[in-house]
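Chemist: Please see the structure below; I have some questions.
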Amino acid sequence: MAWQNHTTVSEFFLSGLTTNHAVELTLFTIFMVIYMLIILGNMLIIFMIVHDQRLHSPMYFFLSNLSVIDVCHSSVVMPKMLADFLVDKKSISFEECVAQMFFLHLFACTEIFLLTIMAYDRCIAICNPMRYGTIMSRKMCLQLATVMWMGGLVHSMSLTALTLNLPYCGPSAIDNFFCDVPLVIRLACTNTHVLEMLIVANSGLISVVCFLVLVTSYVVILVSLRNHLSEGQHKALSTCAAHLTVVTLFLGHCIFIYLRPAKTLPADKVVSVFFTAITPLLNPIIYTFRNEDMKNALRKLCRRQIDSQDK
């Protein structure tokens, strides 16, 4: 490939979260538990949605997609982070770094589009309930899912291609625990000002535009519910509050990281931890314990397991 001809760096060295080995062992235990909870929590959501007929609706179809994305998104970064807690030399090959950037942006951008679609879905369900089934048909849901995945793929391929087109001849130290486009392009042996502006225009503006669409959707929902709040609308409003919590945490990171020049700030690692570990962990908690349908499905699943053990 062309980029191999003008790149002499074969691996990058990650700074990690800390240089204190005792702290690293503690963090390994904490993040191992978090990663296991992410996998188990999101897989449980997928299992319940697939096997409970009452959850076969557009809202839960998109929620199952969110769980799949969260599992994939956290798996791009966390296994490598956990392994690095146990070694002194935290290195990653050039090829692995490129793969990490590609899949990180694929799943992150797809999740941004998905959160926007979920806000649109709630807006239709609350503001136009009589036509909800017609508008959010099975065909429409599949089309929206295809568009969001294709959009994430195009976004990721474009950023990865731009990054690969740069020459890397040293330095090779990345001041974080994973590879990301803004972190890697700082190491290029050329002026990257234009590329930095393209990243802001691409990732930053996607995050801002989707955030504005989301806020607009919730404003419309709140206006619709302002004068009359039935039991069902209270339930819908609670679901939207949970959704807005997830959106704020996730898009807050994207706006903070990508809507500014490529430079290191002290808060970057903390924000990145929330992005890669905390948000995927919160999604199962928020959507399960704040959602009555999911709680009922979980109780039903538990009763079924207990009955099968008694037999």
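The way I read the labels, and the way they are meant: chains A, B, ... in the order of the structure tokens, residue 1 as the first residue of every chain, and ligand 1 as the first ligand shown, with later ones counted on from there.
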Using only C-alpha atoms, determine which residues lie at most 12 Å from Tyr120 of chain A, disregarding the query and same-chain residues fewer than 5 positions distant; provide the list as number ranges by chain.
Modeler: A: 58-59, 62, 113-115, 125-128, 132, 135-136, 141, 144, 210, 213-221, 240, 243
Chemist: Mind checking which residues fall within 10 Å of Met32 of chain A, counting only C-alpha atoms, ignoring those fewer than 5 positions away in the same chain, and posting them as a PyMOL selection string?
Modeler: chain A and resi 26-27+37-38+78-79+81-82
Chemist: Pick from A:Met197, A:Ile49, A:Ala99, A:Ile69: nearest to Leu298 of chain A, with only C-alpha atoms counted?
Modeler: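 Answer, going by the shortest atom-to-atom distance: A:Ile49.
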Chemist: Please, what distance in Å, to one decimal, runs between atom CA of Ala297 of chain A and atom CA of Asn42 of chain A?
Modeler: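 These two atoms are separated by 14.3 Å.
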Chemist: Using 10 Å as the limit and counting only C-alpha atoms, can you tabulate each residue of segment 142-258 of chain A that touches segment 86-91 of chain A, with its shortest atom-to-atom distance in Å and the two atoms involved, as JSON lines?
Modeler:
```
{"residue": "A:Ser172", "atom": "CA", "partner": "A:Ser91", "partner_atom": "CA", "distance": 9.6}
{"residue": "A:Ala173", "atom": "CA", "partner": "A:Ser91", "partner_atom": "CA", "distance": 9.0}
{"residue": "A:Ile174", "atom": "CA", "partner": "A:Ser91", "partner_atom": "CA", "distance": 9.5}
{"residue": "A:Phe177", "atom": "CA", "partner": "A:Lys90", "partner_atom": "CA", "distance": 8.5}
{"residue": "A:Phe178", "atom": "CA", "partner": "A:Ser91", "partner_atom": "CA", "distance": 9.9}
```
Chemist: Print the selection's residues with all heavy atoms to a file, as a PDB file, in the first residue's frame.
Modeler:
```
ATOM      1  N   SER A 172       6.734   8.280  18.290  1.00  0.00           N
ATOM      2  CA  SER A 172       5.746   7.203  18.248  1.00  0.00           C
ATOM      3  C   SER A 172       5.017   7.014  19.578  1.00  0.00           C
ATOM      4  O   SER A 172       4.475   5.943  19.832  1.00  0.00           O
ATOM      5  CB  SER A 172       6.438   5.894  17.852  1.00  0.00           C
ATOM      6  OG  SER A 172       7.474   5.598  18.782  1.00  0.00           O
ATOM      7  N   ALA A 173       5.002   8.042  20.425  1.00  0.00           N
ATOM      8  CA  ALA A 173       4.353   7.960  21.739  1.00  0.00           C
ATOM      9  C   ALA A 173       2.970   8.602  21.681  1.00  0.00           C
ATOM     10  O   ALA A 173       2.828   9.762  21.288  1.00  0.00           O
ATOM     11  CB  ALA A 173       5.201   8.639  22.803  1.00  0.00           C
ATOM     12  N   ILE A 174       1.943   7.849  22.065  1.00  0.00           N
ATOM     13  CA  ILE A 174       0.566   8.327  22.100  1.00  0.00           C
ATOM     14  C   ILE A 174       0.164   8.541  23.555  1.00  0.00           C
ATOM     15  O   ILE A 174       0.224   7.607  24.360  1.00  0.00           O
ATOM     16  CB  ILE A 174      -0.387   7.326  21.422  1.00  0.00           C
ATOM     17  CG1 ILE A 174      -0.054   7.209  19.932  1.00  0.00           C
ATOM     18  CG2 ILE A 174      -1.843   7.734  21.607  1.00  0.00           C
ATOM     19  CD1 ILE A 174      -0.875   6.172  19.207  1.00  0.00           C
ATOM     20  N   PHE A 177      -4.620   5.692  26.251  1.00  0.00           N
ATOM     21  CA  PHE A 177      -4.586   4.233  26.367  1.00  0.00           C
ATOM     22  C   PHE A 177      -5.129   3.542  25.123  1.00  0.00           C
ATOM     23  O   PHE A 177      -5.301   2.324  25.122  1.00  0.00           O
ATOM     24  CB  PHE A 177      -5.343   3.770  27.622  1.00  0.00           C
ATOM     25  CG  PHE A 177      -6.785   4.214  27.674  1.00  0.00           C
ATOM     26  CD1 PHE A 177      -7.792   3.411  27.163  1.00  0.00           C
ATOM     27  CD2 PHE A 177      -7.121   5.431  28.254  1.00  0.00           C
ATOM     28  CE1 PHE A 177      -9.114   3.815  27.212  1.00  0.00           C
ATOM     29  CE2 PHE A 177      -8.449   5.838  28.311  1.00  0.00           C
ATOM     30  CZ  PHE A 177      -9.446   5.030  27.793  1.00  0.00           C
ATOM     31  N   PHE A 178      -5.405   4.297  24.057  1.00  0.00           N
ATOM     32  CA  PHE A 178      -5.856   3.707  22.799  1.00  0.00           C
ATOM     33  C   PHE A 178      -5.509   4.653  21.652  1.00  0.00           C
ATOM     34  O   PHE A 178      -5.140   5.810  21.864  1.00  0.00           O
ATOM     35  CB  PHE A 178      -7.362   3.427  22.825  1.00  0.00           C
ATOM     36  CG  PHE A 178      -8.213   4.677  22.912  1.00  0.00           C
ATOM     37  CD1 PHE A 178      -8.752   5.243  21.778  1.00  0.00           C
ATOM     38  CD2 PHE A 178      -8.473   5.264  24.142  1.00  0.00           C
ATOM     39  CE1 PHE A 178      -9.545   6.387  21.848  1.00  0.00           C
ATOM     40  CE2 PHE A 178      -9.266   6.404  24.238  1.00  0.00           C
ATOM     41  CZ  PHE A 178      -9.793   6.967  23.084  1.00  0.00           C
TER      42      PHE A 178
END
```
